[in-house]
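Visitor: File follows, start39.txt with compact mmCIF, N, CA and C atoms:
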# COMPACT_ATOMS: atom_id res chain seq x y z
N MET E 86 4.18 -1.93 4.74
CA MET E 86 4.31 -1.77 6.15
C MET E 86 3.40 -2.77 6.82
N THR E 87 3.86 -3.45 7.79
CA THR E 87 3.10 -4.26 8.72
C THR E 87 4.03 -4.60 9.86
N THR E 88 3.53 -4.38 11.07
CA THR E 88 4.31 -4.70 12.26
C THR E 88 3.69 -5.94 12.89
N HIS E 89 4.15 -6.30 14.04
CA HIS E 89 3.55 -7.41 14.78
C HIS E 89 2.51 -6.90 15.77
N LYS E 90 2.12 -5.63 15.60
CA LYS E 90 1.14 -5.02 16.50
C LYS E 90 0.00 -4.43 15.67
N PRO E 91 -1.14 -5.12 15.59
CA PRO E 91 -2.26 -4.64 14.76
C PRO E 91 -2.71 -3.21 15.08
N ALA E 92 -2.70 -2.83 16.34
CA ALA E 92 -3.11 -1.47 16.70
C ALA E 92 -2.14 -0.43 16.13
N LEU E 93 -0.85 -0.76 16.14
CA LEU E 93 0.15 0.13 15.55
C LEU E 93 -0.01 0.20 14.04
N ASP E 94 -0.26 -0.95 13.40
CA ASP E 94 -0.50 -0.97 11.95
C ASP E 94 -1.66 -0.04 11.59
N GLN E 95 -2.74 -0.15 12.36
CA GLN E 95 -3.90 0.69 12.07
C GLN E 95 -3.58 2.17 12.28
N ALA E 96 -2.90 2.49 13.36
CA ALA E 96 -2.55 3.90 13.62
C ALA E 96 -1.66 4.46 12.51
N LEU E 97 -0.67 3.68 12.07
CA LEU E 97 0.21 4.13 10.99
C LEU E 97 -0.56 4.29 9.69
N ALA E 98 -1.45 3.33 9.40
CA ALA E 98 -2.26 3.42 8.18
C ALA E 98 -3.17 4.64 8.22
N GLU E 99 -3.82 4.87 9.35
CA GLU E 99 -4.69 6.04 9.48
C GLU E 99 -3.90 7.32 9.23
N HIS E 100 -2.75 7.43 9.86
CA HIS E 100 -1.92 8.63 9.70
C HIS E 100 -1.54 8.84 8.23
N THR E 101 -1.16 7.77 7.57
CA THR E 101 -0.75 7.89 6.17
C THR E 101 -1.93 8.22 5.27
N LEU E 102 -3.04 7.49 5.44
CA LEU E 102 -4.18 7.66 4.55
C LEU E 102 -4.94 8.97 4.77
N GLU E 103 -4.73 9.61 5.90
CA GLU E 103 -5.33 10.93 6.12
C GLU E 103 -4.63 12.00 5.30
N ARG E 104 -3.43 11.70 4.86
CA ARG E 104 -2.63 12.63 4.07
C ARG E 104 -2.97 12.44 2.59
N ASP E 105 -2.55 13.38 1.79
CA ASP E 105 -2.78 13.26 0.35
C ASP E 105 -1.48 13.47 -0.42
N ASP E 106 -0.35 13.42 0.27
CA ASP E 106 0.92 13.75 -0.37
C ASP E 106 1.84 12.54 -0.54
N TYR E 107 1.27 11.35 -0.56
CA TYR E 107 2.10 10.16 -0.74
C TYR E 107 1.87 9.57 -2.14
N THR E 108 2.89 8.93 -2.66
CA THR E 108 2.79 8.31 -3.98
C THR E 108 2.40 6.85 -3.87
N TYR E 109 2.83 6.20 -2.82
CA TYR E 109 2.61 4.77 -2.68
C TYR E 109 2.45 4.42 -1.21
N PHE E 110 1.48 3.58 -0.91
CA PHE E 110 1.30 3.08 0.44
C PHE E 110 0.88 1.62 0.35
N GLY E 111 1.68 0.73 0.91
CA GLY E 111 1.37 -0.69 0.84
C GLY E 111 1.41 -1.35 2.20
N MET E 112 0.61 -2.38 2.34
CA MET E 112 0.55 -3.16 3.57
C MET E 112 0.81 -4.63 3.24
N ILE E 113 1.57 -5.29 4.07
CA ILE E 113 1.81 -6.73 3.92
C ILE E 113 0.70 -7.44 4.68
N LEU E 114 -0.42 -7.61 4.03
CA LEU E 114 -1.56 -8.32 4.60
C LEU E 114 -2.04 -9.35 3.60
N LEU E 115 -2.65 -10.40 4.07
CA LEU E 115 -3.28 -11.35 3.16
C LEU E 115 -4.52 -10.70 2.55
N ARG E 116 -4.90 -11.18 1.36
CA ARG E 116 -6.11 -10.64 0.72
C ARG E 116 -7.31 -10.73 1.66
N THR E 117 -7.40 -11.82 2.42
CA THR E 117 -8.53 -12.01 3.33
C THR E 117 -8.50 -11.03 4.50
N GLN E 118 -7.36 -10.45 4.79
CA GLN E 118 -7.24 -9.49 5.90
C GLN E 118 -7.56 -8.06 5.47
N ARG E 119 -7.55 -7.81 4.16
CA ARG E 119 -7.73 -6.45 3.68
C ARG E 119 -9.11 -5.89 4.02
N ARG E 120 -10.16 -6.62 3.72
CA ARG E 120 -11.51 -6.09 3.91
C ARG E 120 -11.78 -5.72 5.38
N PRO E 121 -11.48 -6.59 6.36
CA PRO E 121 -11.69 -6.18 7.75
C PRO E 121 -10.83 -4.97 8.14
N PHE E 122 -9.62 -4.90 7.61
CA PHE E 122 -8.74 -3.77 7.89
C PHE E 122 -9.35 -2.49 7.33
N GLU E 123 -9.87 -2.56 6.09
CA GLU E 123 -10.51 -1.39 5.48
C GLU E 123 -11.73 -0.95 6.28
N HIS E 124 -12.52 -1.91 6.76
CA HIS E 124 -13.70 -1.57 7.55
C HIS E 124 -13.32 -0.82 8.82
N ARG E 125 -12.24 -1.26 9.46
CA ARG E 125 -11.78 -0.57 10.66
C ARG E 125 -11.31 0.85 10.33
N LEU E 126 -10.61 0.99 9.21
CA LEU E 126 -10.14 2.33 8.82
C LEU E 126 -11.31 3.22 8.43
N ALA E 127 -12.29 2.67 7.71
CA ALA E 127 -13.47 3.45 7.32
C ALA E 127 -14.24 3.90 8.56
N ALA E 128 -14.32 3.04 9.58
CA ALA E 128 -15.00 3.39 10.82
C ALA E 128 -14.31 4.55 11.53
N CYS E 129 -13.03 4.74 11.24
CA CYS E 129 -12.26 5.85 11.82
C CYS E 129 -12.34 7.10 10.95
N GLY E 130 -13.10 7.03 9.85
CA GLY E 130 -13.30 8.20 9.01
C GLY E 130 -12.41 8.30 7.79
N ILE E 131 -11.68 7.23 7.45
CA ILE E 131 -10.82 7.28 6.27
C ILE E 131 -11.70 7.20 5.02
N ASN E 132 -11.45 8.10 4.10
CA ASN E 132 -12.21 8.20 2.86
C ASN E 132 -12.02 6.96 1.99
N PRO E 133 -13.10 6.44 1.38
CA PRO E 133 -12.97 5.27 0.49
C PRO E 133 -11.99 5.48 -0.67
N THR E 134 -11.86 6.70 -1.13
CA THR E 134 -10.90 6.99 -2.21
C THR E 134 -9.48 6.73 -1.73
N GLN E 135 -9.20 7.11 -0.50
CA GLN E 135 -7.87 6.87 0.06
C GLN E 135 -7.66 5.37 0.28
N LEU E 136 -8.68 4.67 0.74
CA LEU E 136 -8.55 3.22 0.93
C LEU E 136 -8.22 2.52 -0.38
N ALA E 137 -8.79 3.00 -1.47
CA ALA E 137 -8.53 2.40 -2.78
C ALA E 137 -7.09 2.60 -3.22
N ARG E 138 -6.43 3.61 -2.70
CA ARG E 138 -5.02 3.86 -3.06
C ARG E 138 -4.06 2.93 -2.33
N MET E 139 -4.53 2.27 -1.29
CA MET E 139 -3.67 1.37 -0.50
C MET E 139 -3.40 0.09 -1.29
N THR E 140 -2.14 -0.26 -1.43
CA THR E 140 -1.74 -1.50 -2.09
C THR E 140 -1.67 -2.59 -1.04
N CYS E 141 -2.46 -3.63 -1.24
CA CYS E 141 -2.52 -4.71 -0.26
C CYS E 141 -3.11 -5.94 -0.93
N PRO E 142 -2.47 -7.05 -0.98
CA PRO E 142 -1.18 -7.29 -0.35
C PRO E 142 -0.06 -6.61 -1.13
N ASN E 143 1.00 -6.32 -0.45
CA ASN E 143 2.16 -5.63 -0.99
C ASN E 143 3.07 -6.64 -1.68
N GLY E 144 3.67 -6.27 -2.79
CA GLY E 144 4.58 -7.16 -3.50
C GLY E 144 3.98 -7.62 -4.82
N ILE E 145 4.84 -7.96 -5.76
CA ILE E 145 4.34 -8.40 -7.06
C ILE E 145 3.64 -9.75 -6.93
N GLU E 146 2.66 -9.97 -7.78
CA GLU E 146 1.92 -11.22 -7.77
C GLU E 146 2.80 -12.36 -8.27
N GLY E 147 2.49 -13.55 -7.81
CA GLY E 147 3.18 -14.73 -8.29
C GLY E 147 4.29 -15.22 -7.39
N VAL E 148 4.62 -14.47 -6.36
CA VAL E 148 5.66 -14.90 -5.42
C VAL E 148 4.94 -15.52 -4.22
N ALA E 149 5.06 -16.83 -4.08
CA ALA E 149 4.34 -17.55 -3.03
C ALA E 149 5.15 -17.70 -1.75
N SER E 150 6.45 -17.57 -1.83
CA SER E 150 7.31 -17.77 -0.67
C SER E 150 7.00 -16.76 0.43
N LYS E 151 7.02 -17.23 1.67
CA LYS E 151 6.82 -16.36 2.82
C LYS E 151 8.14 -16.02 3.51
N ALA E 152 9.25 -16.41 2.89
CA ALA E 152 10.57 -16.10 3.45
C ALA E 152 10.77 -14.57 3.42
N PRO E 153 11.30 -13.99 4.49
CA PRO E 153 11.49 -12.54 4.52
C PRO E 153 12.24 -11.98 3.32
N ALA E 154 13.27 -12.66 2.86
CA ALA E 154 14.02 -12.16 1.70
C ALA E 154 13.16 -12.15 0.45
N SER E 155 12.34 -13.17 0.27
CA SER E 155 11.45 -13.23 -0.89
C SER E 155 10.41 -12.13 -0.84
N ILE E 156 9.85 -11.89 0.34
CA ILE E 156 8.87 -10.81 0.49
C ILE E 156 9.52 -9.47 0.19
N ALA E 157 10.72 -9.25 0.69
CA ALA E 157 11.44 -7.99 0.44
C ALA E 157 11.70 -7.79 -1.05
N ILE E 158 12.09 -8.84 -1.74
CA ILE E 158 12.37 -8.73 -3.18
C ILE E 158 11.08 -8.45 -3.94
N ALA E 159 9.99 -9.12 -3.56
CA ALA E 159 8.71 -8.90 -4.23
C ALA E 159 8.23 -7.46 -4.04
N ILE E 160 8.42 -6.92 -2.85
CA ILE E 160 8.03 -5.53 -2.59
C ILE E 160 8.93 -4.57 -3.36
N ALA E 161 10.23 -4.84 -3.37
CA ALA E 161 11.16 -3.99 -4.12
C ALA E 161 10.81 -3.98 -5.61
N ALA E 162 10.45 -5.14 -6.14
CA ALA E 162 10.08 -5.22 -7.56
C ALA E 162 8.81 -4.41 -7.82
N GLN E 163 7.85 -4.49 -6.90
CA GLN E 163 6.63 -3.72 -7.07
C GLN E 163 6.92 -2.22 -7.01
N LEU E 164 7.75 -1.81 -6.09
CA LEU E 164 8.12 -0.39 -5.99
C LEU E 164 8.85 0.09 -7.24
N LEU E 165 9.74 -0.75 -7.76
CA LEU E 165 10.44 -0.41 -8.99
C LEU E 165 9.44 -0.21 -10.13
N ARG E 166 8.45 -1.08 -10.21
CA ARG E 166 7.42 -0.96 -11.24
C ARG E 166 6.67 0.37 -11.09
N VAL E 167 6.31 0.73 -9.86
CA VAL E 167 5.60 1.99 -9.61
C VAL E 167 6.46 3.19 -10.02
N VAL E 168 7.73 3.18 -9.65
CA VAL E 168 8.64 4.28 -9.99
C VAL E 168 8.78 4.40 -11.50
N GLU E 169 8.97 3.27 -12.18
CA GLU E 169 9.14 3.32 -13.63
C GLU E 169 7.87 3.78 -14.33
N GLN E 170 6.72 3.32 -13.88
CA GLN E 170 5.47 3.76 -14.49
C GLN E 170 5.26 5.25 -14.29
N ARG E 171 5.58 5.73 -13.10
CA ARG E 171 5.45 7.16 -12.81
C ARG E 171 6.40 7.96 -13.69
N HIS E 172 7.63 7.46 -13.86
CA HIS E 172 8.62 8.13 -14.70
C HIS E 172 8.14 8.16 -16.15
N LEU E 173 7.61 7.06 -16.65
CA LEU E 173 7.11 7.03 -18.02
C LEU E 173 5.94 7.97 -18.20
N TYR E 174 5.06 8.06 -17.20
CA TYR E 174 3.92 8.98 -17.27
C TYR E 174 4.43 10.43 -17.31
N THR E 175 5.42 10.73 -16.47
CA THR E 175 5.97 12.08 -16.43
C THR E 175 6.60 12.45 -17.79
N ILE E 176 7.31 11.52 -18.39
CA ILE E 176 7.93 11.77 -19.70
C ILE E 176 6.86 12.01 -20.76
N SER E 177 5.80 11.20 -20.74
CA SER E 177 4.76 11.33 -21.76
C SER E 177 3.98 12.62 -21.61
N GLN E 178 3.98 13.22 -20.41
CA GLN E 178 3.25 14.47 -20.17
C GLN E 178 4.10 15.71 -20.43
N SER E 179 5.40 15.51 -20.69
CA SER E 179 6.29 16.65 -20.95
C SER E 179 6.00 17.24 -22.32
N PRO E 180 6.17 18.57 -22.45
CA PRO E 180 5.92 19.23 -23.76
C PRO E 180 6.94 18.87 -24.81
Show the structure stored in the file as structure tokens.

Guide:
Amino acid sequence: MTTHKPALDQALAEHTLERDDYTYFGMILLRTQRRPFEHRLAACGINPTQLARMTCPNGIEGVASKAPASIAIAIAAQLLRVVEQRHLYTISQSP
């Protein structure tokens, strides 16, 4: 998630990170933007454990293109990886 409105991004992130019922939360931010964003969220009372759960930048590594389609594919690939890893963990924990 990232909009063209930083205040909206922060409000959405705060709302999500205050919850504990999500499996995945990612932001399309540059690595250099993550730390200041985390500081702003921490100043609003977001727990460091929740901040660590935030995936940022979003998308699989190695994709340098900034084209919207490339970003979408990189994020979809990352989500697929998360779903498959979760599925494999669930199978391994079954009796």

Visitor: Between CA of Ile156 (chain E) and CA of Cys129 (chain E), what is the distance, to one decimal in Å?

Guide: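 CA of Ile156 (chain E) sits 29.2 Å away from CA of Cys129 (chain E).
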
Visitor: Determine, counting only C-alpha atoms, which protein, DNA and RNA residues have an atom within 8 Å of an atom of Leu102 (chain E); residues of the same chain fewer than 4 positions away are not included. Present the result as a list in words.

Guide: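 Non-adjacent residues within range: Ala98, Ile131, Gln135 and Leu136 of chain E.
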
Visitor: With N, CA and C atoms retained, could you export that selection as an mmCIF file, in the frame of the given file?

Guide:
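Output file again_4.cif is given in full below:
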data_model
loop_
_atom_site.group_PDB
_atom_site.id
_atom_site.type_symbol
_atom_site.label_atom_id
_atom_site.label_comp_id
_atom_site.auth_asym_id
_atom_site.auth_seq_id
_atom_site.Cartn_x
_atom_site.Cartn_y
_atom_site.Cartn_z
ATOM 1 N N ALA E 98 -1.450 3.330 9.400
ATOM 2 C CA ALA E 98 -2.260 3.420 8.180
ATOM 3 C C ALA E 98 -3.170 4.640 8.220
ATOM 4 N N ILE E 131 -11.680 7.230 7.450
ATOM 5 C CA ILE E 131 -10.820 7.280 6.270
ATOM 6 C C ILE E 131 -11.700 7.200 5.020
ATOM 7 N N GLN E 135 -9.200 7.110 -0.500
ATOM 8 C CA GLN E 135 -7.870 6.870 0.060
ATOM 9 C C GLN E 135 -7.660 5.370 0.280
ATOM 10 N N LEU E 136 -8.680 4.670 0.740
ATOM 11 C CA LEU E 136 -8.550 3.220 0.930
ATOM 12 C C LEU E 136 -8.220 2.520 -0.380
#

Visitor: Extract, using only C-alpha atoms, all DNA, RNA and protein residues at most 9 Å from Cys141 (chain E), discarding same-chain residues fewer than 5 positions from it, and format them as a compact mmCIF listing (two decimals) with N, CA and C atoms, in the frame of the given file.

Guide:
# COMPACT_ATOMS: atom_id res chain seq x y z
N PHE E 110 1.48 3.58 -0.91
CA PHE E 110 1.30 3.08 0.44
C PHE E 110 0.88 1.62 0.35
N GLY E 111 1.68 0.73 0.91
CA GLY E 111 1.37 -0.69 0.84
C GLY E 111 1.41 -1.35 2.20
N MET E 112 0.61 -2.38 2.34
CA MET E 112 0.55 -3.16 3.57
C MET E 112 0.81 -4.63 3.24
N ILE E 113 1.57 -5.29 4.07
CA ILE E 113 1.81 -6.73 3.92
C ILE E 113 0.70 -7.44 4.68
N LEU E 114 -0.42 -7.61 4.03
CA LEU E 114 -1.56 -8.32 4.60
C LEU E 114 -2.04 -9.35 3.60
N LEU E 115 -2.65 -10.40 4.07
CA LEU E 115 -3.28 -11.35 3.16
C LEU E 115 -4.52 -10.70 2.55
N ARG E 116 -4.90 -11.18 1.36
CA ARG E 116 -6.11 -10.64 0.72
C ARG E 116 -7.31 -10.73 1.66
N ARG E 119 -7.55 -7.81 4.16
CA ARG E 119 -7.73 -6.45 3.68
C ARG E 119 -9.11 -5.89 4.02

Visitor: Once you count only N, CA and C atoms, what closest atom pair and distance in Å to one decimal does each residue of region 102-161 of chain E within 8 Å of region 91-96 of chain E have, with rows by chain and rising residue number, as a tab-separated table?

Guide:
residue	atom	partner	partner_atom	distance
E:Leu102	N	E:Ala96	C	7.8
E:Phe122	CA	E:Gln95	CA	7.8
E:Arg125	C	E:Gln95	CA	7.6
E:Leu126	CA	E:Gln95	CA	7.2

Visitor: So how many Å separate atom C of Leu165 (chain E) and CA of Glu146 (chain E), to one decimal?

Guide: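 Taking atom C of Leu165 (chain E) and CA of Glu146 (chain E), their separation equals 13.5 Å.
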
Visitor: Assign secondary structure with DSSP using the backbone only, and return the residues of region 95-152 of chain E in strand (DSSP E) as a short mmCIF file (atom, residue, chain, number, x, y, z; two decimals) with N, CA and C atoms, keeping the file's coordinate frame.

Guide:
data_model
loop_
_atom_site.label_atom_id
_atom_site.label_comp_id
_atom_site.auth_asym_id
_atom_site.auth_seq_id
_atom_site.Cartn_x
_atom_site.Cartn_y
_atom_site.Cartn_z
N PHE E 110 1.48 3.58 -0.91
CA PHE E 110 1.30 3.08 0.44
C PHE E 110 0.88 1.62 0.35
N GLY E 111 1.68 0.73 0.91
CA GLY E 111 1.37 -0.69 0.84
C GLY E 111 1.41 -1.35 2.20
N MET E 139 -4.53 2.27 -1.29
CA MET E 139 -3.67 1.37 -0.50
C MET E 139 -3.40 0.09 -1.29
N THR E 140 -2.14 -0.26 -1.43
CA THR E 140 -1.74 -1.50 -2.09
C THR E 140 -1.67 -2.59 -1.04
#

Visitor: Could you state the separation of atom C of Ala149 (chain E) and atom N of Thr88 (chain E) in Å, given to one decimal place?

Guide: 18.6 Å

Visitor: For Glu123 (chain E), which of E:Glu99, E:Arg104, E:Lys151, E:Tyr109 is the closest residue, counting only C-alpha atoms?

Guide: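 Counting only C-alpha atoms, the residue closest to Glu123 (chain E) is E:Glu99.
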
Visitor: Which residue gives the smallest distance to Gly130 (chain E) among E:Ala159, E:Thr108, E:Glu103, E:Ile145, with only N, CA and C atoms counted?

Guide: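 For Gly130 (chain E), the nearest of the candidates is E:Glu103.
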
Visitor: According to DSSP computed on the backbone, where in chain E is there helix (DSSP H, G or I)? Give the residues as a PyMOL selection string.

Guide: chain E and resi 91-102+116-128+133-138+153-178

Visitor: Hey, which of E:Gly144, E:Thr117, E:Lys90, E:Arg138 ends up closest to Leu164 (chain E)? Count all atoms listed in the file.

Guide: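 When distances to Leu164 (chain E) are compared using all atoms listed in the file, the smallest one comes from E:Gly144.
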